[in-house]
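Raw contents of model.tsv, TSV, C-alpha atoms and all ligand atoms:
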chain	number	residue	atom	x	y	z
A	276	MET	CA	-60.00	-62.87	-23.86
A	277	SER	CA	-63.15	-64.91	-23.53
A	278	PHE	CA	-62.92	-68.62	-24.06
A	279	GLN	CA	-66.68	-68.92	-24.46
A	280	ASN	CA	-66.57	-68.66	-28.23
A	281	PRO	CA	-66.32	-71.77	-30.32
A	282	VAL	CA	-63.23	-72.07	-32.51
A	283	PHE	CA	-63.56	-72.25	-36.29
A	284	ILE	CA	-60.16	-73.69	-37.05
A	285	PRO	CA	-60.02	-77.09	-38.75
A	286	GLY	CA	-58.50	-78.65	-35.66
A	287	PRO	CA	-58.10	-78.74	-32.80
A	288	THR	CA	-61.88	-78.63	-32.64
A	289	ASN	CA	-64.33	-77.71	-29.90
A	290	ILE	CA	-64.39	-80.17	-27.01
A	291	PRO	CA	-67.78	-81.22	-25.68
A	292	GLU	CA	-68.14	-80.98	-21.91
A	293	SER	CA	-68.66	-84.74	-21.60
A	294	LEU	CA	-65.33	-85.42	-23.30
A	295	ARG	CA	-63.51	-82.87	-21.16
A	296	LYS	CA	-64.83	-84.71	-18.12
A	297	ALA	CA	-63.92	-88.10	-19.55
A	298	CYS	CA	-60.30	-87.00	-19.94
A	299	ASP	CA	-60.15	-85.68	-16.39
A	300	MET	CA	-59.53	-88.75	-14.28
A	301	PRO	CA	-57.31	-89.79	-11.40
A	302	THR	CA	-54.15	-91.75	-12.07
A	303	ILE	CA	-54.65	-95.46	-12.54
A	304	ASP	CA	-52.06	-98.19	-12.91
A	305	HIS	CA	-51.64	-98.43	-16.66
A	306	ARG	CA	-50.45	-102.02	-16.32
A	307	SER	CA	-53.59	-103.18	-14.54
A	308	PRO	CA	-56.68	-104.86	-16.03
A	309	LEU	CA	-58.52	-101.61	-15.30
A	310	PHE	CA	-56.55	-99.96	-18.08
A	311	GLY	CA	-57.71	-102.67	-20.48
A	312	GLN	CA	-61.29	-101.60	-19.78
A	313	ILE	CA	-60.42	-98.22	-21.30
A	314	LEU	CA	-58.03	-99.34	-24.04
A	315	HIS	CA	-59.94	-102.17	-25.68
A	316	PRO	CA	-63.32	-100.42	-26.00
A	317	ALA	CA	-61.52	-97.38	-27.43
A	318	ARG	CA	-59.85	-99.57	-30.07
A	319	ASP	CA	-63.18	-101.28	-30.84
A	320	GLY	CA	-64.87	-97.89	-31.12
A	321	VAL	CA	-62.25	-96.59	-33.54
A	322	ARG	CA	-62.59	-99.75	-35.66
A	323	LYS	CA	-66.32	-99.08	-35.98
A	324	VAL	CA	-65.73	-95.43	-36.88
A	325	LEU	CA	-63.31	-96.64	-39.59
A	326	LYS	CA	-66.06	-98.99	-40.84
A	327	SER	CA	-63.71	-101.90	-40.56
A	328	GLU	CA	-64.19	-105.45	-39.36
A	329	GLN	CA	-60.59	-106.48	-39.66
A	330	ALA	CA	-58.33	-103.50	-38.95
A	331	GLU	CA	-55.77	-103.66	-36.17
A	332	VAL	CA	-56.14	-100.34	-34.40
A	333	PHE	CA	-53.07	-98.78	-32.76
A	334	ILE	CA	-53.15	-95.62	-30.70
A	335	PHE	CA	-49.93	-93.77	-29.92
A	336	PRO	CA	-49.27	-90.80	-27.65
A	337	SER	CA	-48.55	-88.53	-30.61
A	338	THR	CA	-50.48	-86.62	-33.29
A	339	GLY	CA	-51.59	-87.29	-36.85
A	340	THR	CA	-48.05	-86.70	-38.06
A	341	GLY	CA	-46.91	-89.60	-35.89
A	342	GLY	CA	-49.62	-91.65	-37.58
A	343	TRP	CA	-48.03	-90.91	-40.97
A	344	GLU	CA	-44.70	-92.10	-39.61
A	345	THR	CA	-46.30	-95.24	-38.17
A	346	ALA	CA	-47.75	-96.07	-41.58
A	347	LEU	CA	-44.44	-95.63	-43.40
A	348	THR	CA	-41.89	-97.07	-41.02
A	349	ASN	CA	-43.80	-100.26	-40.22
A	350	THR	CA	-44.50	-101.28	-43.80
A	351	LEU	CA	-41.66	-100.02	-46.02
A	352	SER	CA	-37.90	-100.15	-46.54
A	353	ALA	CA	-35.46	-97.46	-47.65
A	354	GLY	CA	-35.56	-96.97	-51.42
A	355	ASP	CA	-39.09	-98.31	-51.79
A	356	LYS	CA	-41.08	-96.56	-54.45
A	357	ILE	CA	-44.16	-94.58	-53.39
A	358	LEU	CA	-46.82	-92.85	-55.49
A	359	ALA	CA	-48.34	-89.64	-54.15
A	360	ALA	CA	-50.02	-86.47	-55.37
A	361	ARG	CA	-49.31	-83.02	-53.97
A	362	ASN	CA	-52.42	-80.82	-53.89
A	363	GLY	CA	-51.93	-78.92	-50.64
A	364	MET	CA	-49.86	-78.44	-47.52
A	365	PHE	CA	-50.74	-81.73	-45.83
A	366	SER	CA	-50.09	-83.97	-48.80
A	367	HIS	CA	-46.85	-81.98	-49.23
A	368	ARG	CA	-45.75	-82.69	-45.66
A	369	TRP	CA	-46.43	-86.40	-45.94
A	370	ILE	CA	-44.39	-86.54	-49.15
A	371	ASP	CA	-41.61	-84.64	-47.38
A	372	MET	CA	-41.68	-87.21	-44.57
A	373	CYS	CA	-41.37	-90.06	-47.10
A	374	GLN	CA	-38.34	-88.39	-48.66
A	375	ARG	CA	-36.67	-87.84	-45.30
A	376	HIS	CA	-37.11	-91.55	-44.63
A	377	GLY	CA	-35.26	-92.38	-47.83
A	378	LEU	CA	-38.31	-93.45	-49.80
A	379	ASP	CA	-38.41	-92.84	-53.55
A	380	VAL	CA	-41.56	-90.80	-54.12
A	381	GLN	CA	-43.09	-90.29	-57.52
A	382	VAL	CA	-45.01	-87.05	-57.02
A	383	VAL	CA	-47.95	-86.10	-59.21
A	384	GLU	CA	-48.12	-82.31	-58.98
A	385	THR	CA	-51.79	-81.37	-58.77
A	386	PRO	CA	-53.20	-77.83	-58.71
A	387	TRP	CA	-54.14	-76.72	-55.21
A	388	GLY	CA	-57.93	-76.75	-55.07
A	389	HIS	CA	-58.19	-79.97	-57.06
A	390	GLY	CA	-58.68	-83.50	-55.76
A	391	LEU	CA	-56.31	-86.43	-56.17
A	392	PRO	CA	-56.02	-87.44	-59.84
A	393	ALA	CA	-57.18	-91.07	-59.75
A	394	ASP	CA	-56.87	-91.29	-63.55
A	395	ARG	CA	-53.17	-90.32	-63.39
A	396	TYR	CA	-52.68	-92.83	-60.59
A	397	GLU	CA	-54.21	-95.49	-62.84
A	398	GLU	CA	-51.91	-94.63	-65.76
A	399	ILE	CA	-48.81	-94.71	-63.58
A	400	LEU	CA	-49.81	-97.93	-61.83
A	401	THR	CA	-50.66	-99.60	-65.13
A	402	ALA	CA	-47.25	-98.62	-66.53
A	403	ASP	CA	-45.52	-100.07	-63.45
A	404	THR	CA	-45.66	-103.62	-64.74
A	405	GLY	CA	-42.81	-104.71	-62.48
A	406	HIS	CA	-44.81	-103.59	-59.42
A	407	GLN	CA	-42.01	-101.43	-58.07
A	408	ILE	CA	-44.50	-99.09	-56.39
A	409	LYS	CA	-45.06	-100.39	-52.88
A	410	ALA	CA	-47.57	-97.87	-51.59
A	411	VAL	CA	-49.95	-95.19	-52.82
A	412	LEU	CA	-50.59	-92.21	-50.55
A	413	ALA	CA	-53.91	-90.41	-50.53
A	414	THR	CA	-54.95	-87.42	-48.45
A	415	HIS	CA	-58.69	-87.89	-48.11
A	416	ASN	CA	-59.37	-84.30	-47.11
A	417	GLU	CA	-56.78	-81.61	-47.88
A	418	THR	CA	-57.27	-79.36	-44.89
A	419	ALA	CA	-55.23	-76.55	-46.46
A	420	THR	CA	-57.52	-76.13	-49.45
A	421	GLY	CA	-60.82	-77.58	-48.24
A	422	VAL	CA	-60.71	-80.32	-50.86
A	423	LYS	CA	-61.95	-83.86	-50.44
A	424	SER	CA	-60.75	-86.62	-52.70
A	425	ASP	CA	-62.49	-89.74	-53.91
A	426	ILE	CA	-60.75	-92.62	-52.15
A	427	ALA	CA	-62.99	-95.20	-53.81
A	428	ALA	CA	-61.69	-93.88	-57.15
A	429	VAL	CA	-58.08	-94.29	-55.98
A	430	ARG	CA	-58.89	-97.86	-54.98
A	431	GLY	CA	-60.50	-98.25	-58.41
A	432	ALA	CA	-57.24	-97.08	-60.03
A	433	LEU	CA	-55.25	-99.73	-58.15
A	434	ASP	CA	-57.77	-102.42	-59.07
A	435	ALA	CA	-58.02	-101.38	-62.72
A	436	ALA	CA	-54.24	-101.59	-62.98
A	437	GLY	CA	-54.24	-104.93	-61.16
A	438	HIS	CA	-51.57	-103.41	-58.93
A	439	PRO	CA	-50.72	-104.88	-55.51
A	440	ALA	CA	-49.43	-101.64	-53.90
A	441	MET	CA	-50.76	-100.77	-50.47
A	442	LEU	CA	-53.12	-97.82	-50.09
A	443	PHE	CA	-52.37	-95.42	-47.21
A	444	VAL	CA	-54.97	-92.79	-46.47
A	445	ASP	CA	-54.56	-89.64	-44.40
A	446	GLY	CA	-57.98	-89.22	-42.86
A	447	VAL	CA	-56.90	-86.80	-40.16
A	448	SER	CA	-59.53	-84.19	-41.05
A	449	SER	CA	-62.15	-86.56	-42.43
A	450	ILE	CA	-62.41	-89.63	-40.20
A	451	ALA	CA	-65.31	-89.29	-37.73
A	452	SER	CA	-66.70	-86.32	-39.69
A	453	MET	CA	-66.98	-87.47	-43.30
A	454	ASP	CA	-67.84	-90.89	-44.70
A	455	PHE	CA	-64.82	-93.17	-44.49
A	456	ARG	CA	-64.93	-96.85	-45.42
A	457	MET	CA	-61.69	-98.59	-44.60
A	458	ASP	CA	-62.69	-102.11	-45.67
A	459	GLU	CA	-64.88	-101.22	-48.65
A	460	TRP	CA	-62.20	-98.92	-50.09
A	461	GLY	CA	-59.43	-101.42	-49.43
A	462	VAL	CA	-57.46	-98.97	-47.29
A	463	ASP	CA	-54.32	-100.61	-45.88
A	464	VAL	CA	-53.38	-97.94	-43.37
A	465	ALA	CA	-55.83	-95.28	-42.19
A	466	VAL	CA	-54.34	-92.39	-40.23
A	467	THR	CA	-55.99	-89.90	-37.93
A	468	GLY	CA	-55.53	-88.01	-34.68
A	469	SER	CA	-57.56	-87.15	-31.60
A	470	GLN	CA	-58.10	-83.41	-32.12
A	471	LYS	CA	-60.32	-83.20	-35.18
A	472	GLY	CA	-63.32	-85.46	-35.74
A	473	PHE	CA	-62.82	-87.11	-32.35
A	474	MET	CA	-63.25	-83.72	-30.62
A	475	LEU	CA	-60.42	-84.16	-28.09
A	476	THR	CA	-57.20	-82.30	-27.46
A	477	ALA	CA	-54.20	-83.20	-29.60
A	478	GLY	CA	-52.19	-86.08	-28.17
A	479	LEU	CA	-53.13	-89.31	-29.92
A	480	ALA	CA	-52.09	-90.73	-33.28
A	481	ILE	CA	-54.79	-93.21	-34.28
A	482	VAL	CA	-54.11	-95.73	-37.04
A	483	GLY	CA	-55.84	-98.74	-38.52
A	484	PHE	CA	-53.76	-101.45	-40.26
A	485	SER	CA	-55.30	-103.93	-42.70
A	486	PRO	CA	-54.15	-107.57	-42.68
A	487	LYS	CA	-52.07	-106.76	-45.79
A	488	ALA	CA	-50.35	-103.87	-43.99
A	489	MET	CA	-49.74	-106.14	-40.98
A	490	ALA	CA	-48.15	-108.70	-43.30
A	491	ALA	CA	-45.90	-105.98	-44.76
A	492	THR	CA	-44.53	-105.22	-41.28
A	493	LYS	CA	-42.75	-108.59	-41.38
A	494	THR	CA	-40.38	-107.51	-44.15
A	495	ALA	CA	-40.27	-103.71	-43.69
A	496	LYS	CA	-36.82	-102.50	-42.76
A	497	LEU	CA	-37.22	-98.80	-42.01
A	498	PRO	CA	-36.05	-98.17	-38.43
A	499	ARG	CA	-38.84	-97.80	-35.89
A	500	THR	CA	-38.96	-97.95	-32.12
A	501	PHE	CA	-41.56	-95.65	-30.58
A	502	PHE	CA	-44.00	-96.34	-33.43
A	503	ASP	CA	-43.37	-100.08	-33.74
A	504	VAL	CA	-46.77	-101.73	-34.09
A	505	HIS	CA	-45.46	-105.12	-32.94
A	506	ASP	CA	-44.24	-103.68	-29.65
A	507	MET	CA	-47.61	-102.03	-29.34
A	508	ALA	CA	-49.52	-105.24	-30.12
A	509	LYS	CA	-47.47	-107.11	-27.53
A	510	GLY	CA	-48.38	-104.45	-24.98
A	511	TYR	CA	-52.08	-104.61	-25.86
A	512	ALA	CA	-52.11	-108.36	-25.31
A	513	ASN	CA	-51.27	-107.58	-21.67
A	514	ASN	CA	-53.65	-104.60	-21.29
A	515	ALA	CA	-50.65	-102.31	-21.51
A	516	TYR	CA	-48.35	-100.19	-23.65
A	517	PRO	CA	-44.64	-100.59	-24.29
A	518	TYR	CA	-44.40	-97.25	-22.45
A	519	THR	CA	-46.76	-94.94	-20.59
A	520	PRO	CA	-50.09	-94.40	-22.34
A	521	ALA	CA	-52.09	-91.15	-22.30
A	522	VAL	CA	-54.77	-92.72	-20.11
A	523	GLY	CA	-57.07	-89.72	-19.79
A	524	LEU	CA	-57.10	-89.11	-23.53
A	525	LEU	CA	-57.79	-92.77	-24.20
A	526	ASN	CA	-60.72	-92.59	-21.81
A	527	GLY	CA	-61.86	-89.52	-23.74
A	528	LEU	CA	-61.48	-91.38	-27.04
A	529	ASN	CA	-63.58	-94.24	-25.72
A	530	GLU	CA	-66.31	-91.74	-24.81
A	531	ALA	CA	-65.92	-89.89	-28.13
A	532	CYS	CA	-66.54	-93.11	-30.05
A	533	ARG	CA	-69.58	-93.79	-27.90
A	534	MET	CA	-70.93	-90.29	-28.69
A	535	LEU	CA	-70.33	-90.66	-32.42
A	536	LEU	CA	-71.88	-94.12	-32.58
A	537	ASP	CA	-74.84	-93.01	-30.44
A	538	GLU	CA	-75.52	-90.13	-32.82
A	539	GLY	CA	-75.03	-92.60	-35.66
A	540	LEU	CA	-72.18	-92.20	-38.13
A	541	GLU	CA	-74.53	-91.40	-41.00
A	542	ASN	CA	-76.15	-88.69	-38.87
A	543	VAL	CA	-72.73	-87.30	-37.97
A	544	PHE	CA	-71.81	-87.10	-41.67
A	545	ALA	CA	-75.19	-85.54	-42.56
A	546	ARG	CA	-74.71	-82.92	-39.84
A	547	HIS	CA	-71.30	-82.02	-41.24
A	548	THR	CA	-72.70	-81.79	-44.77
A	549	ARG	CA	-75.56	-79.59	-43.62
A	550	ILE	CA	-73.35	-77.23	-41.64
A	551	ALA	CA	-70.90	-77.03	-44.54
A	552	GLU	CA	-73.70	-76.26	-47.01
A	553	GLY	CA	-74.74	-73.32	-44.84
A	554	VAL	CA	-71.17	-72.01	-44.81
A	555	ARG	CA	-70.99	-72.42	-48.59
A	556	ALA	CA	-74.29	-70.55	-49.02
A	557	ALA	CA	-72.76	-67.69	-47.02
A	558	VAL	CA	-69.59	-67.67	-49.13
A	559	ASP	CA	-71.72	-67.51	-52.24
A	560	ALA	CA	-73.79	-64.63	-50.82
A	561	TRP	CA	-70.58	-62.74	-50.07
A	562	GLY	CA	-69.64	-63.05	-53.73
A	563	LEU	CA	-66.48	-64.97	-52.79
A	564	GLU	CA	-65.12	-68.23	-54.12
A	565	LEU	CA	-63.87	-71.35	-52.47
A	566	CYS	CA	-60.36	-72.59	-53.13
A	567	ALA	CA	-61.96	-75.96	-53.96
A	568	ALA	CA	-62.35	-76.09	-57.72
A	569	ASP	CA	-65.83	-77.57	-58.00
A	570	PRO	CA	-68.67	-78.99	-55.90
A	571	SER	CA	-67.51	-82.59	-56.30
A	572	VAL	CA	-64.47	-81.80	-54.14
A	573	TYR	CA	-66.05	-79.49	-51.55
A	574	SER	CA	-64.98	-80.54	-48.09
A	575	ASP	CA	-67.62	-80.91	-45.41
A	576	THR	CA	-65.12	-80.20	-42.63
A	577	VAL	CA	-63.29	-77.05	-43.75
A	578	SER	CA	-63.88	-74.27	-46.27
A	579	ALA	CA	-60.91	-72.33	-47.64
A	580	ILE	CA	-62.28	-69.03	-48.91
A	581	ARG	CA	-60.47	-66.90	-51.46
A	582	THR	CA	-60.39	-63.17	-50.83
A	583	PRO	CA	-60.07	-60.54	-53.62
A	584	ASP	CA	-56.64	-59.95	-55.17
A	585	GLY	CA	-54.56	-57.44	-53.25
A	586	PHE	CA	-56.29	-58.24	-49.96
A	587	ASN	CA	-54.36	-60.20	-47.35
A	588	ALA	CA	-56.70	-62.95	-46.18
A	589	THR	CA	-54.62	-63.48	-43.05
A	590	ASP	CA	-55.78	-60.04	-41.82
A	591	ILE	CA	-59.25	-61.51	-41.34
A	592	VAL	CA	-57.85	-64.18	-39.03
A	593	THR	CA	-55.77	-61.70	-37.04
A	594	HIS	CA	-58.65	-59.25	-36.76
A	595	ALA	CA	-61.13	-61.94	-35.70
A	596	ALA	CA	-58.81	-63.02	-32.91
A	597	GLU	CA	-58.03	-59.51	-31.71
A	598	LYS	CA	-61.43	-57.87	-31.98
A	599	TYR	CA	-63.90	-60.72	-31.49
A	600	GLY	CA	-61.95	-63.48	-29.77
A	601	VAL	CA	-62.78	-65.94	-32.52
A	602	ALA	CA	-60.34	-68.26	-34.27
A	603	PHE	CA	-60.34	-68.94	-38.01
A	604	GLY	CA	-57.62	-70.72	-39.98
A	605	VAL	CA	-54.96	-68.94	-42.01
A	606	GLY	CA	-53.95	-69.95	-45.52
A	607	LEU	CA	-50.97	-72.30	-45.67
A	608	GLY	CA	-48.17	-72.68	-48.20
A	609	GLU	CA	-49.10	-71.70	-51.73
A	610	VAL	CA	-52.38	-70.13	-50.64
A	611	ALA	CA	-51.02	-68.19	-47.63
A	612	GLY	CA	-52.58	-64.72	-47.63
A	613	LYS	CA	-54.95	-65.74	-50.43
A	614	VAL	CA	-57.47	-67.72	-48.40
A	615	PHE	CA	-58.79	-67.88	-44.89
A	616	ARG	CA	-60.38	-71.03	-43.58
A	617	ILE	CA	-63.53	-71.72	-41.65
A	618	GLY	CA	-63.23	-75.05	-39.90
A	619	HIS	CA	-66.63	-76.68	-39.44
A	620	LEU	CA	-65.99	-80.10	-38.01
A	621	GLY	CA	-66.37	-81.88	-34.73
A	622	SER	CA	-68.69	-80.71	-32.01
A	623	LEU	CA	-70.65	-78.10	-33.92
A	624	THR	CA	-74.28	-77.18	-34.56
A	625	ASP	CA	-76.02	-75.01	-37.14
A	626	VAL	CA	-76.42	-72.32	-34.49
A	627	MET	CA	-72.72	-72.35	-33.64
A	628	ALA	CA	-71.86	-72.18	-37.34
A	629	LEU	CA	-74.06	-69.08	-37.71
A	630	SER	CA	-71.95	-67.30	-35.09
A	631	GLY	CA	-68.79	-68.06	-37.06
A	632	ILE	CA	-70.35	-66.88	-40.31
A	633	ALA	CA	-71.55	-63.70	-38.60
A	634	THR	CA	-68.08	-63.05	-37.16
A	635	ALA	CA	-66.30	-63.61	-40.49
A	636	GLU	CA	-68.75	-61.16	-42.00
A	637	MET	CA	-68.07	-58.49	-39.35
A	638	CYS	CA	-64.33	-58.88	-39.91
A	639	MET	CA	-64.57	-58.54	-43.68
A	640	VAL	CA	-66.76	-55.43	-43.38
A	641	ASP	CA	-64.41	-53.97	-40.72
A	642	LEU	CA	-61.50	-54.50	-43.11
A	643	GLY	CA	-63.23	-52.76	-45.99
A	644	LEU	CA	-64.29	-55.65	-48.20
A	645	ASP	CA	-67.40	-54.94	-50.23
A	646	ILE	CA	-69.71	-57.27	-48.36
A	647	LYS	CA	-73.14	-56.55	-46.98
A	648	LEU	CA	-73.47	-57.20	-43.27
A	649	GLY	CA	-75.96	-60.00	-42.73
A	650	SER	CA	-75.86	-61.31	-46.29
A	651	GLY	CA	-73.97	-64.53	-45.54
A	652	VAL	CA	-75.80	-65.08	-42.28
A	653	ALA	CA	-79.15	-64.74	-44.04
A	654	ALA	CA	-78.13	-67.20	-46.75
A	655	ALA	CA	-77.02	-69.73	-44.14
A	656	GLN	CA	-80.16	-69.15	-42.08
A	657	GLU	CA	-82.30	-69.87	-45.12
A	658	TYR	CA	-80.36	-73.05	-45.72
A	659	TYR	CA	-80.61	-74.23	-42.12
A	660	ARG	CA	-84.31	-73.33	-41.89
A	661	GLY	CA	-85.02	-75.43	-44.94
A	662	HIS	CA	-82.85	-78.36	-43.89
A	663	GLY	CA	-83.63	-78.55	-40.20
A	664	ILE	CA	-82.67	-81.42	-38.02
A	665	GLU	CA	-84.90	-83.02	-35.50
A	666	VAL	CA	-83.38	-82.24	-32.15
A	667	GLN	CA	-82.77	-85.54	-30.44
A	668	LYS	CA	-85.50	-86.08	-27.89
A	669	ASP	CA	-83.19	-87.91	-25.55
A	670	ALA	CA	-80.41	-85.31	-25.80
A	671	ALA	CA	-78.91	-84.74	-22.38
B	701	LIG	C1	-54.14	-81.81	-39.04
B	701	LIG	C2	-53.74	-82.66	-40.17
B	701	LIG	C3	-52.54	-83.39	-40.14
B	701	LIG	C4	-51.51	-83.25	-39.08
B	701	LIG	O1	-51.93	-83.76	-37.90
B	701	LIG	P1	-51.22	-83.34	-36.54
B	701	LIG	O2	-52.15	-83.95	-35.56
B	701	LIG	O3	-51.19	-81.85	-36.50
B	701	LIG	O4	-49.88	-83.94	-36.53
B	701	LIG	C5	-52.27	-84.23	-41.20
B	701	LIG	N1	-53.09	-84.34	-42.24
B	701	LIG	C6	-54.23	-83.63	-42.31
B	701	LIG	C7	-55.11	-83.79	-43.51
B	701	LIG	C8	-54.59	-82.77	-41.28
B	701	LIG	O5	-55.72	-82.07	-41.36
Re-express the file's structure as structure tokens.
Amino acid sequence: MSFQNPVFIPGPTNIPESLRKACDMPTIDHRSPLFGQILHPARDGVRKVLKSEQAEVFIFPSTGTGGWETALTNTLSAGDKILAARNGMFSHRWIDMCQRHGLDVQVVETPWGHGLPADRYEEILTADTGHQIKAVLATHNETATGVKSDIAAVRGALDAAGHPAMLFVDGVSSIASMDFRMDEWGVDVAVTGSQKGFMLTAGLAIVGFSPKAMAATKTAKLPRTFFDVHDMAKGYANNAYPYTPAVGLLNGLNEACRMLLDEGLENVFARHTRIAEGVRAAVDAWGLELCAADPSVYSDTVSAIRTPDGFNATDIVTHAAEKYGVAFGVGLGEVAGKVFRIGHLGSLTDVMALSGIATAEMCMVDLGLDIKLGSGVAAAQEYYRGHGIEVQKDAA
């Protein structure tokens, strides 16, 4: 099978050549000052991508899931009350992790395809006059359903209720691709990984802790060793880790931040919006619907596309892999078999997106769906023609 084709899964994403090279480096002593020259700029770069002045950034050899665990175990104690909404597979898994750690989660069941219900959060927080709720969880972008949520509105709910709970945000499929404002939104722990917006292989859990979250670590009693942020901070003070860091990936992360900041975060976000709009124009031309309930929650990093009743959407993914060597995402959990997903985040251009749209179209026609070959491609082409970017003159 050819590996020339881009992938259209919502992570891991396509790796730019420059990042592949940045990860490929000889062994260095990870307890030498040389390592600090990789580590500290990477942490500074992440802080900028988070739009934070004050976050403590920690980077573990792990994945986004390890970032969830870092957030919980460093700031909470068994029995602590947590508020979370379940609107897809990823929010579900984070809730499950809370429960396995002995946290008492109040779950707001939310229809898959809808965003987080900030108004319900506000009611519940307002009613919690004794401030039993210690943390509110928010999945910024539900990768299973292609739904983004309004984190500023969740912050607004906390503020309106005058509630001191911490706000933990899963930004695994949004950070570095969609606008994320850690300080402005009062996010206490931001969680992401290396293999989505940062365009690297999986292998790093990346978290930002606010001063309030750092203060909570002093009293939190959940057991933690590998993910202990104080051990990590002590290591960083000596240009080191409490164990062996993933040096090549950290070098890649440093370079990834440089790329993102060179392009300009606002340009990165605009590129994701534009590419996503083209995909959505194609979906519309196919006569299909997104899982996302309305335009205010459309994700700019992944589209989950509903197929007609009686059709197994997973067949499209299998067929695309077998016949065309192209990867799309399957439906997960409640929407398994009902949707397939086009991931459109990371290192991607309009032209690459067109190839994914064209391939999805071929698959659907091959499998007998009533779709006109070229219809989605044409709709996306029209969109991209009318919303062109200026190709960077200094592009390498
Ligand atoms: C991918 C993803 C995760 C899980 O991250 P891993 O790196 O696979 O552990 C968590 N949350 C969201 C929203 C994701 O998209």
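Of the listed residues (A:Pro498, A:Gly600, A:Gly446, A:Gly661), A:Gly446 comes nearest to Phe365 of chain A; the distances count all atoms listed in the file.
Excluding Trp561 of chain A and any residue on its chain fewer than 5 positions from it, the residues at most 9 Å away by all atoms listed in the file are Ala556, Glu636, Asp645, Ile646, Lys647, Ser650 and Gly651 of chain A.
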Residue nearest ligand LIG 701 (chain B) - candidates A:Gln312, A:Gln407, A:Ser293, A:Gln470, atoms counted: all atoms listed in the file: A:Gln470
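Take the candidates A:Glu331, A:Asp371, A:Glu344, A:Asp575 and check each one against Ser424 of chain A using all atoms listed in the file; the shortest distance goes to A:Asp575.
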Surrounding residues of Leu642 of chain A excluding itself and chain neighbours under 4 positions, 9 Å, all atoms listed in the file, as an NGL selection string: :A and (590-591 or 594 or 637-638)
Distance criterion (only C-alpha atoms): nearest to Asp319 of chain A out of A:Glu530, A:Asp625, A:Asp403, A:Asp394: A:Glu530
Surrounding residues as a ChimeraX atom specification, ligand LIG 701 (chain B), max 7 Å, only C-alpha atoms and all ligand atoms: /A:286,338-341,365,414,416-418,445-448,468,470,477
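If you look at atom CA of Ala560 of chain A and atom CA of Ala654 of chain A, they are 6.5 Å away from each other.
For the residues A:Arg368, A:Lys326, A:Lys496, A:His315, ranking by smallest atom-to-atom distance to Ala353 of chain A using only C-alpha atoms places A:Lys496 first.
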Exercise: segment 372-382 of chain A partners within 8 Å, all atoms listed in the file, chain neighbours under 2 positions left out, as a count of residues only: 17
Spatial neighbours of Phe333 of chain A, 7 Å, all atoms listed in the file, chain gap at least 2 places, as a list in words: Glu331, Phe335, Ile481, Val482 and Gly483 of chain A
Okay, now the selection with C-alpha atoms, as a PDB file, keeping the file's coordinate frame?
ATOM      1  CA  GLU A 331     -55.770-103.660 -36.170  1.00  0.00           C
ATOM      2  CA  PHE A 335     -49.930 -93.770 -29.920  1.00  0.00           C
ATOM      3  CA  ILE A 481     -54.790 -93.210 -34.280  1.00  0.00           C
ATOM      4  CA  VAL A 482     -54.110 -95.730 -37.040  1.00  0.00           C
ATOM      5  CA  GLY A 483     -55.840 -98.740 -38.520  1.00  0.00           C
TER       6      GLY A 483
END
d(atom CA of Cys566 of chain A, atom CA of Ala427 of chain A) in Å: 22.8 Å
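The space between atom CA of Ala465 of chain A and atom CA of Leu536 of chain A spans 18.7 Å.
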Contacts of Thr593 of chain A within 10 Å, only C-alpha atoms, excl. fewer than 3 positions in-chain, as a ChimeraX atom specification: /A:588-590,596-605,638
